[in-house]
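entry_14.cif, holding mmCIF, C-alpha atoms:
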data_upload
#
loop_
_atom_site.label_atom_id
_atom_site.label_comp_id
_atom_site.auth_asym_id
_atom_site.auth_seq_id
_atom_site.Cartn_x
_atom_site.Cartn_y
_atom_site.Cartn_z
CA MET A 1 30.22 -12.63 10.84
CA LEU A 2 32.15 -9.86 9.13
CA LEU A 3 30.24 -10.50 5.91
CA THR A 4 26.91 -10.28 7.74
CA ILE A 5 27.83 -6.97 9.36
CA SER A 6 29.13 -5.65 6.03
CA ILE A 7 25.92 -6.53 4.18
CA VAL A 8 23.71 -4.96 6.87
CA ALA A 9 25.98 -1.88 6.90
CA ILE A 10 25.76 -1.59 3.10
CA ILE A 11 21.97 -1.76 3.18
CA VAL A 12 21.79 0.79 6.04
CA VAL A 13 24.05 3.17 4.09
CA LEU A 14 21.88 2.58 1.01
CA TYR A 15 18.78 3.51 3.00
CA ILE A 16 20.36 6.66 4.47
CA THR A 17 21.54 7.72 1.02
CA THR A 18 18.17 7.19 -0.65
CA PHE A 19 16.42 8.95 2.26
CA ALA A 20 18.74 11.98 1.99
CA MET A 21 18.36 12.07 -1.79
CA ASN A 22 14.59 11.89 -1.55
CA LYS A 23 14.47 14.64 1.08
CA SER A 24 16.62 16.91 -1.05
CA THR A 25 14.36 16.46 -4.08
CA PRO A 26 11.76 19.24 -4.07
CA ILE A 27 8.08 18.31 -4.07
CA PRO A 28 6.19 19.65 -7.09
CA GLU A 29 4.37 22.83 -6.01
CA ASP A 30 0.94 21.63 -7.11
CA CYS A 31 1.15 18.62 -4.81
CA LEU A 32 1.88 20.35 -1.49
CA GLU A 33 -1.81 20.76 -0.63
CA LEU A 34 -2.58 17.15 -1.57
CA ILE A 35 -0.02 15.77 0.87
CA ASP A 36 -1.68 17.57 3.77
CA GLU A 37 -5.09 16.38 2.64
CA VAL A 38 -4.05 12.72 2.43
CA SER A 39 -2.19 12.80 5.76
CA CYS A 40 -5.31 14.32 7.26
CA ASP A 41 -7.55 11.63 5.72
CA ALA A 42 -5.29 8.83 6.93
CA CYS A 43 -5.16 10.15 10.49
CA ASN A 44 -7.42 8.43 12.99
CA ASN A 45 -7.44 11.13 15.63
CA TYR A 46 -11.14 11.79 16.05
CA SER A 47 -10.62 14.63 18.49
CA CYS A 48 -8.49 16.59 16.01
CA THR A 49 -9.79 20.12 15.67
CA ILE A 50 -7.88 20.88 12.46
CA LYS A 51 -9.65 18.04 10.68
CA HIS A 52 -13.00 19.24 11.93
CA ASP A 53 -12.24 22.79 10.80
CA ALA A 54 -11.12 21.59 7.37
CA ALA A 55 -14.33 19.59 6.93
CA THR A 56 -16.44 22.55 8.02
CA ILE A 57 -14.59 24.93 5.70
CA LYS A 58 -15.07 22.54 2.77
CA GLU A 59 -18.76 22.19 3.53
CA ASP A 60 -19.13 25.99 3.74
CA MET A 61 -17.35 26.38 0.41
CA LYS A 62 -19.65 23.80 -1.21
CA ASN A 63 -22.73 25.55 0.15
CA GLN A 64 -21.43 28.92 -1.02
CA LEU A 65 -20.84 27.52 -4.51
CA LYS A 66 -24.32 25.99 -4.63
CA TYR A 67 -25.83 29.29 -3.48
CA GLU A 68 -23.94 31.25 -6.15
CA GLN A 69 -24.91 28.78 -8.87
CA ALA A 70 -28.55 28.94 -7.81
CA LYS A 71 -28.37 32.72 -7.80
CA GLU A 72 -26.99 32.80 -11.32
CA GLY A 73 -29.68 30.38 -12.48
CA TYR A 74 -27.58 27.27 -13.32
CA MET B 1 5.89 -24.18 -17.19
CA SER B 2 2.30 -23.55 -18.25
CA LEU B 3 0.23 -20.40 -17.89
CA THR B 4 -1.93 -22.26 -15.36
CA VAL B 5 0.80 -21.74 -12.76
CA PHE B 6 0.54 -17.95 -13.15
CA PHE B 7 -3.25 -18.06 -13.18
CA VAL B 8 -3.32 -20.13 -10.01
CA ALA B 9 -0.74 -17.81 -8.38
CA ILE B 10 -2.91 -14.75 -9.12
CA ILE B 11 -6.24 -16.28 -8.04
CA SER B 12 -4.72 -17.87 -4.95
CA SER B 13 -2.97 -14.73 -3.70
CA MET B 14 -5.80 -12.39 -4.69
CA LEU B 15 -8.85 -14.22 -3.37
CA ILE B 16 -8.08 -17.37 -1.42
CA ASN B 17 -5.14 -16.13 0.63
CA ASN B 18 -6.20 -12.49 0.57
CA VAL B 19 -3.54 -10.40 2.25
CA ILE B 20 -5.93 -8.34 4.37
CA LEU B 21 -8.85 -10.61 5.17
CA MET B 22 -7.11 -13.98 5.39
CA ARG B 23 -3.57 -13.14 6.43
CA PHE B 24 -4.40 -9.95 8.38
CA LEU B 25 -1.50 -7.98 6.89
CA GLY B 26 -1.78 -4.34 5.83
CA VAL B 27 -4.71 -3.72 8.18
CA CYS B 28 -3.37 -0.23 9.02
CA PRO B 29 -3.86 1.26 5.50
CA PHE B 30 -7.02 -0.85 5.18
CA LEU B 31 -8.60 1.08 8.05
CA GLY B 32 -6.70 4.33 7.65
CA VAL B 33 -6.93 5.11 3.93
CA SER B 34 -10.36 3.68 3.18
CA LYS B 35 -12.49 6.65 4.11
CA LYS B 36 -12.73 7.83 0.50
CA THR B 37 -12.79 5.72 -2.66
CA GLU B 38 -10.38 8.11 -4.39
CA SER B 39 -7.73 7.69 -1.66
CA ALA B 40 -8.27 3.91 -1.61
CA VAL B 41 -7.64 3.61 -5.35
CA GLY B 42 -4.50 5.78 -5.13
CA MET B 43 -3.18 3.73 -2.24
CA SER B 44 -3.91 0.45 -4.03
CA VAL B 45 -2.03 1.48 -7.16
CA ALA B 46 0.94 2.70 -5.11
CA VAL B 47 0.98 -0.58 -3.14
CA MET B 48 0.84 -2.59 -6.36
CA PHE B 49 3.76 -0.62 -7.80
CA VAL B 50 5.97 -1.05 -4.72
CA MET B 51 4.90 -4.63 -3.92
CA VAL B 52 5.90 -6.03 -7.31
CA ILE B 53 9.26 -4.18 -7.39
CA ALA B 54 10.00 -5.09 -3.73
CA SER B 55 9.22 -8.77 -4.39
CA ILE B 56 11.63 -8.90 -7.31
CA VAL B 57 14.42 -7.10 -5.44
CA THR B 58 14.08 -9.10 -2.21
CA TYR B 59 13.87 -12.39 -4.15
CA LEU B 60 17.08 -11.61 -6.02
CA LEU B 61 18.79 -10.43 -2.81
CA TYR B 62 17.84 -13.64 -1.02
CA TYR B 63 18.83 -16.12 -3.71
CA TYR B 64 21.93 -14.35 -5.04
CA VAL B 65 23.41 -12.77 -1.89
CA LEU B 66 22.01 -14.15 1.36
CA GLU B 67 21.60 -17.85 0.54
CA PRO B 68 24.96 -18.42 -1.21
CA ASN B 69 26.73 -16.81 1.78
CA ASP B 70 24.61 -18.77 4.28
CA ILE B 71 23.35 -15.65 6.06
CA THR B 72 19.63 -16.10 5.52
CA TYR B 73 19.00 -15.27 9.19
CA ILE B 74 19.35 -11.56 8.39
CA SER B 75 16.71 -11.76 5.66
CA THR B 76 13.99 -9.93 7.64
CA ILE B 77 16.13 -6.92 8.59
CA ALA B 78 17.62 -6.83 5.09
CA PHE B 79 14.16 -6.90 3.50
CA ILE B 80 12.86 -4.12 5.76
CA LEU B 81 15.76 -1.88 4.82
CA VAL B 82 15.55 -2.75 1.14
CA ILE B 83 11.81 -2.01 1.04
CA ALA B 84 12.31 1.30 2.87
CA SER B 85 15.10 2.28 0.45
CA LEU B 86 12.99 1.23 -2.51
CA VAL B 87 10.08 3.39 -1.39
CA GLN B 88 12.43 6.39 -1.07
CA LEU B 89 13.88 5.73 -4.52
CA VAL B 90 10.51 5.28 -6.18
CA GLU B 91 9.19 8.46 -4.53
CA MET B 92 12.23 10.46 -5.64
CA PHE B 93 11.99 9.07 -9.18
CA ILE B 94 8.30 9.94 -9.45
CA LYS B 95 8.92 13.43 -8.03
CA LYS B 96 11.47 14.12 -10.74
CA VAL B 97 9.94 12.35 -13.71
CA SER B 98 6.20 12.92 -13.58
CA LYS B 99 4.30 15.55 -11.65
CA LYS B 100 1.04 13.93 -12.75
CA LEU B 101 2.05 10.50 -11.48
CA TYR B 102 3.29 12.02 -8.20
CA LYS B 103 -0.06 13.72 -7.80
CA SER B 104 -1.88 10.39 -8.07
CA LEU B 105 0.64 7.99 -6.46
CA GLY B 106 3.49 9.80 -4.77
CA ILE B 107 1.51 11.21 -1.90
CA TYR B 108 0.68 7.67 -0.73
CA LEU B 109 4.24 6.38 -0.94
CA PRO B 110 5.46 7.52 2.52
CA LEU B 111 2.54 5.59 4.02
CA ILE B 112 3.71 2.39 2.31
CA THR B 113 7.11 2.28 4.05
CA THR B 114 5.45 0.80 7.12
CA ASN B 115 2.99 -1.41 5.28
CA CYS B 116 3.64 -4.92 6.59
CA ALA B 117 1.86 -6.45 3.58
CA ILE B 118 4.91 -5.64 1.44
CA LEU B 119 7.26 -7.41 3.86
CA GLY B 120 4.75 -10.24 4.25
CA VAL B 121 4.71 -10.87 0.50
CA ALA B 122 8.51 -10.77 0.29
CA GLU B 123 8.77 -13.29 3.15
CA SER B 124 6.03 -15.56 1.78
CA ASN B 125 7.74 -15.64 -1.63
CA ILE B 126 10.85 -17.00 0.06
CA ALA B 127 8.88 -19.41 2.26
CA SER B 128 7.01 -20.77 -0.79
CA GLY B 129 10.28 -22.17 -2.12
CA TYR B 130 9.62 -21.36 -5.78
CA PRO B 131 13.20 -22.14 -6.92
CA THR B 132 12.81 -25.77 -5.77
CA ASP B 133 9.76 -26.23 -8.01
CA TYR B 134 10.57 -23.99 -10.98
CA GLY B 135 14.24 -22.93 -10.80
CA VAL B 136 15.49 -19.51 -9.70
CA PHE B 137 14.53 -17.50 -12.80
CA GLN B 138 11.10 -19.04 -13.40
CA GLY B 139 10.54 -18.89 -9.64
CA LEU B 140 11.12 -15.14 -9.89
CA LEU B 141 8.37 -14.87 -12.49
CA VAL B 142 5.94 -16.83 -10.32
CA ALA B 143 6.92 -14.78 -7.23
CA SER B 144 6.33 -11.47 -9.03
CA THR B 145 3.01 -12.78 -10.39
CA ALA B 146 1.97 -13.78 -6.88
CA ALA B 147 2.97 -10.31 -5.64
CA PHE B 148 0.86 -8.74 -8.39
CA GLY B 149 -2.08 -10.95 -7.41
CA THR B 150 -1.64 -10.02 -3.75
CA ALA B 151 -1.66 -6.33 -4.67
CA LEU B 152 -4.83 -6.87 -6.74
CA GLY B 153 -6.42 -8.54 -3.73
CA PHE B 154 -5.35 -5.63 -1.51
CA GLY B 155 -6.84 -3.17 -4.02
CA LEU B 156 -10.08 -5.11 -4.37
CA ILE B 157 -10.69 -5.22 -0.62
CA ILE B 158 -9.68 -1.65 0.15
CA PHE B 159 -11.85 -0.38 -2.73
CA ALA B 160 -14.88 -2.43 -1.65
CA PHE B 161 -14.38 -1.35 1.96
CA SER B 162 -14.07 2.34 1.05
CA SER B 163 -17.27 2.14 -1.01
CA ILE B 164 -19.10 0.63 1.97
CA ARG B 165 -17.69 3.27 4.34
CA GLU B 166 -18.79 6.07 2.02
CA ARG B 167 -22.32 4.68 2.02
CA LEU B 168 -22.18 4.32 5.79
CA ASP B 169 -21.60 8.06 6.14
CA SER B 170 -25.18 8.67 5.07
CA ALA B 171 -26.63 5.62 6.84
CA ASN B 172 -28.52 5.78 10.09
CA VAL B 173 -25.94 4.10 12.34
CA PRO B 174 -26.42 4.16 16.14
CA GLU B 175 -24.14 6.70 17.83
CA ALA B 176 -22.06 4.06 19.67
CA TRP B 177 -21.38 2.17 16.43
CA LYS B 178 -20.32 5.14 14.32
CA GLY B 179 -16.76 5.23 12.92
CA VAL B 180 -14.33 2.46 13.81
CA PRO B 181 -16.76 -0.01 15.54
CA ILE B 182 -19.05 -0.43 12.53
CA SER B 183 -16.01 -0.54 10.20
CA LEU B 184 -14.50 -3.40 12.19
CA VAL B 185 -17.79 -5.33 12.16
CA ILE B 186 -17.97 -4.91 8.37
CA ALA B 187 -14.34 -6.03 8.01
CA GLY B 188 -15.18 -9.13 10.04
CA ILE B 189 -18.19 -9.95 7.85
CA MET B 190 -16.04 -9.48 4.72
CA ALA B 191 -13.41 -11.83 6.18
CA LEU B 192 -16.10 -14.44 6.84
CA ALA B 193 -17.32 -14.12 3.26
CA PHE B 194 -13.78 -14.65 1.93
CA LEU B 195 -13.39 -17.68 4.18
CA GLY B 196 -15.95 -19.35 1.93
CA LEU B 197 -13.47 -19.26 -0.96
CA GLY B 198 -11.03 -21.51 0.91
CA GLY B 199 -10.17 -24.77 -0.84
CA ILE B 200 -11.02 -23.62 -4.38
CA VAL B 201 -7.40 -23.89 -5.61
#
Could you spell out this file's structure in structure tokens?
Amino acid sequence: MLLTISIVAIIVVLYITTFAMNKSTPIPEDCLELIDEVSCDACNNYSCTIKHDAATIKEDMKNQLKYEQAKEGY
Amino acid sequence: MSLTVFFVAIISSMLINNVILMRFLGVCPFLGVSKKTESAVGMSVAVMFVMVIASIVTYLLYYYVLEPNDITYISTIAFILVIASLVQLVEMFIKKVSKKLYKSLGIYLPLITTNCAILGVAESNIASGYPTDYGVFQGLLVASTAAFGTALGFGLIIFAFSSIRERLDSANVPEAWKGVPISLVIAGIMALAFLGLGGIV
């Protein structure tokens, strides 16, 4: 019984340690936006207004780009 | 031990006992991260990476620590904790070593911690009893090959499903069927199709 508890305790401590170490490691700056994007994609909340706004903003940006390219004759 | 064993392990775990469509494991990322092909590919590669490493670690833990001490009844809780720790370690390692790799894989890693397909593969490797047939070391090779095959199967299905969902975005689907309902119907049809592969190996 003592061995069982010890092994579980060791693994729990291992998890806490790795979790703390991972949290203290900074995320590369370039990837901060990507994390939000993926979390947003993976979310299944269909009534989320942030997601809707993000999609609308992206669409607007695409349209703006197309308009500018057409204007410049690409 | 011939190469046929490895070939059979890959084909069997990838197509015949497909982790998503036949065993119904990992359905959460299957539905959640299959809206875009790009996300699906990233998730598949991350799952493959963690699944193979987790299978090796859990196999060694079971046969070198839990079984000799006759405490196999804690295998599930031990595996869960080991997989969670492994995901944290892999994420930290990728963060430090390669920004490029983190950009393509790392962002999916936190989502894998709760992926039951990883635990399912670890448990099925133990239940398969590879050491009885091949010995502990060769059993490890077969188990890791089976894990690789399972991850390939996961990737194949999630990629195919994401491609279908992308096409569905521009399809004329009735309002009541849009989103999750039509996705679930498609998943069901895919599962039926894979059922036809049963009995090949």
Please evaluate the PyMOL selection byres ((chain A and resi 12) around 12) against the structure above and give the resulting residues as a ChimeraX atom specification. /A:5-11,13-19 /B:77-85
Considering all atoms listed in the file, give me a table of residues in chain B that are at most 6 Å from chain A, with the closest atom pair and distance in Å for each, as JSON lines.
{"residue": "B:Gly32", "atom": "CA", "partner": "A:Ala42", "partner_atom": "CA", "distance": 4.8}
{"residue": "B:Val33", "atom": "CA", "partner": "A:Ala42", "partner_atom": "CA", "distance": 5.1}
{"residue": "B:Ser85", "atom": "CA", "partner": "A:Tyr15", "partner_atom": "CA", "distance": 4.6}
{"residue": "B:Gln88", "atom": "CA", "partner": "A:Phe19", "partner_atom": "CA", "distance": 5.8}
{"residue": "B:Leu89", "atom": "CA", "partner": "A:Thr18", "partner_atom": "CA", "distance": 6.0}
{"residue": "B:Met92", "atom": "CA", "partner": "A:Asn22", "partner_atom": "CA", "distance": 4.9}
{"residue": "B:Lys103", "atom": "CA", "partner": "A:Cys31", "partner_atom": "CA", "distance": 5.9}
{"residue": "B:Ile107", "atom": "CA", "partner": "A:Ile35", "partner_atom": "CA", "distance": 5.6}
### Message
As an exercise, work out the distance from atom CA of Val173 of chain B to atom CA of Glu38 of chain B in Å and give it to one decimal place.
### Response
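Between atom CA of Val173 of chain B and atom CA of Glu38 of chain B the gap is 23.2 Å.
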Would you list the residues near (-2.8, -1.8, 6.6) (no more than 12 Å away, in the coordinates of the file, using all atoms listed in the file) as an NGL selection string? (:A and (42)) or (:B and (19-21 or 23-34 or 40 or 43-44 or 47 or 111-120 or 154-155 or 157-158))
- Message: Measuring between all atoms listed in the file, which one of B:Gly153, B:Val90, B:Val50, B:Tyr59 shows the shortest distance to Ser124 of chain B?
- Response: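 Closest candidate: B:Tyr59.
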Taken to one decimal, the atom CA of Ala127 of chain B-atom CA of Met22 of chain B distance is 17.2 Å
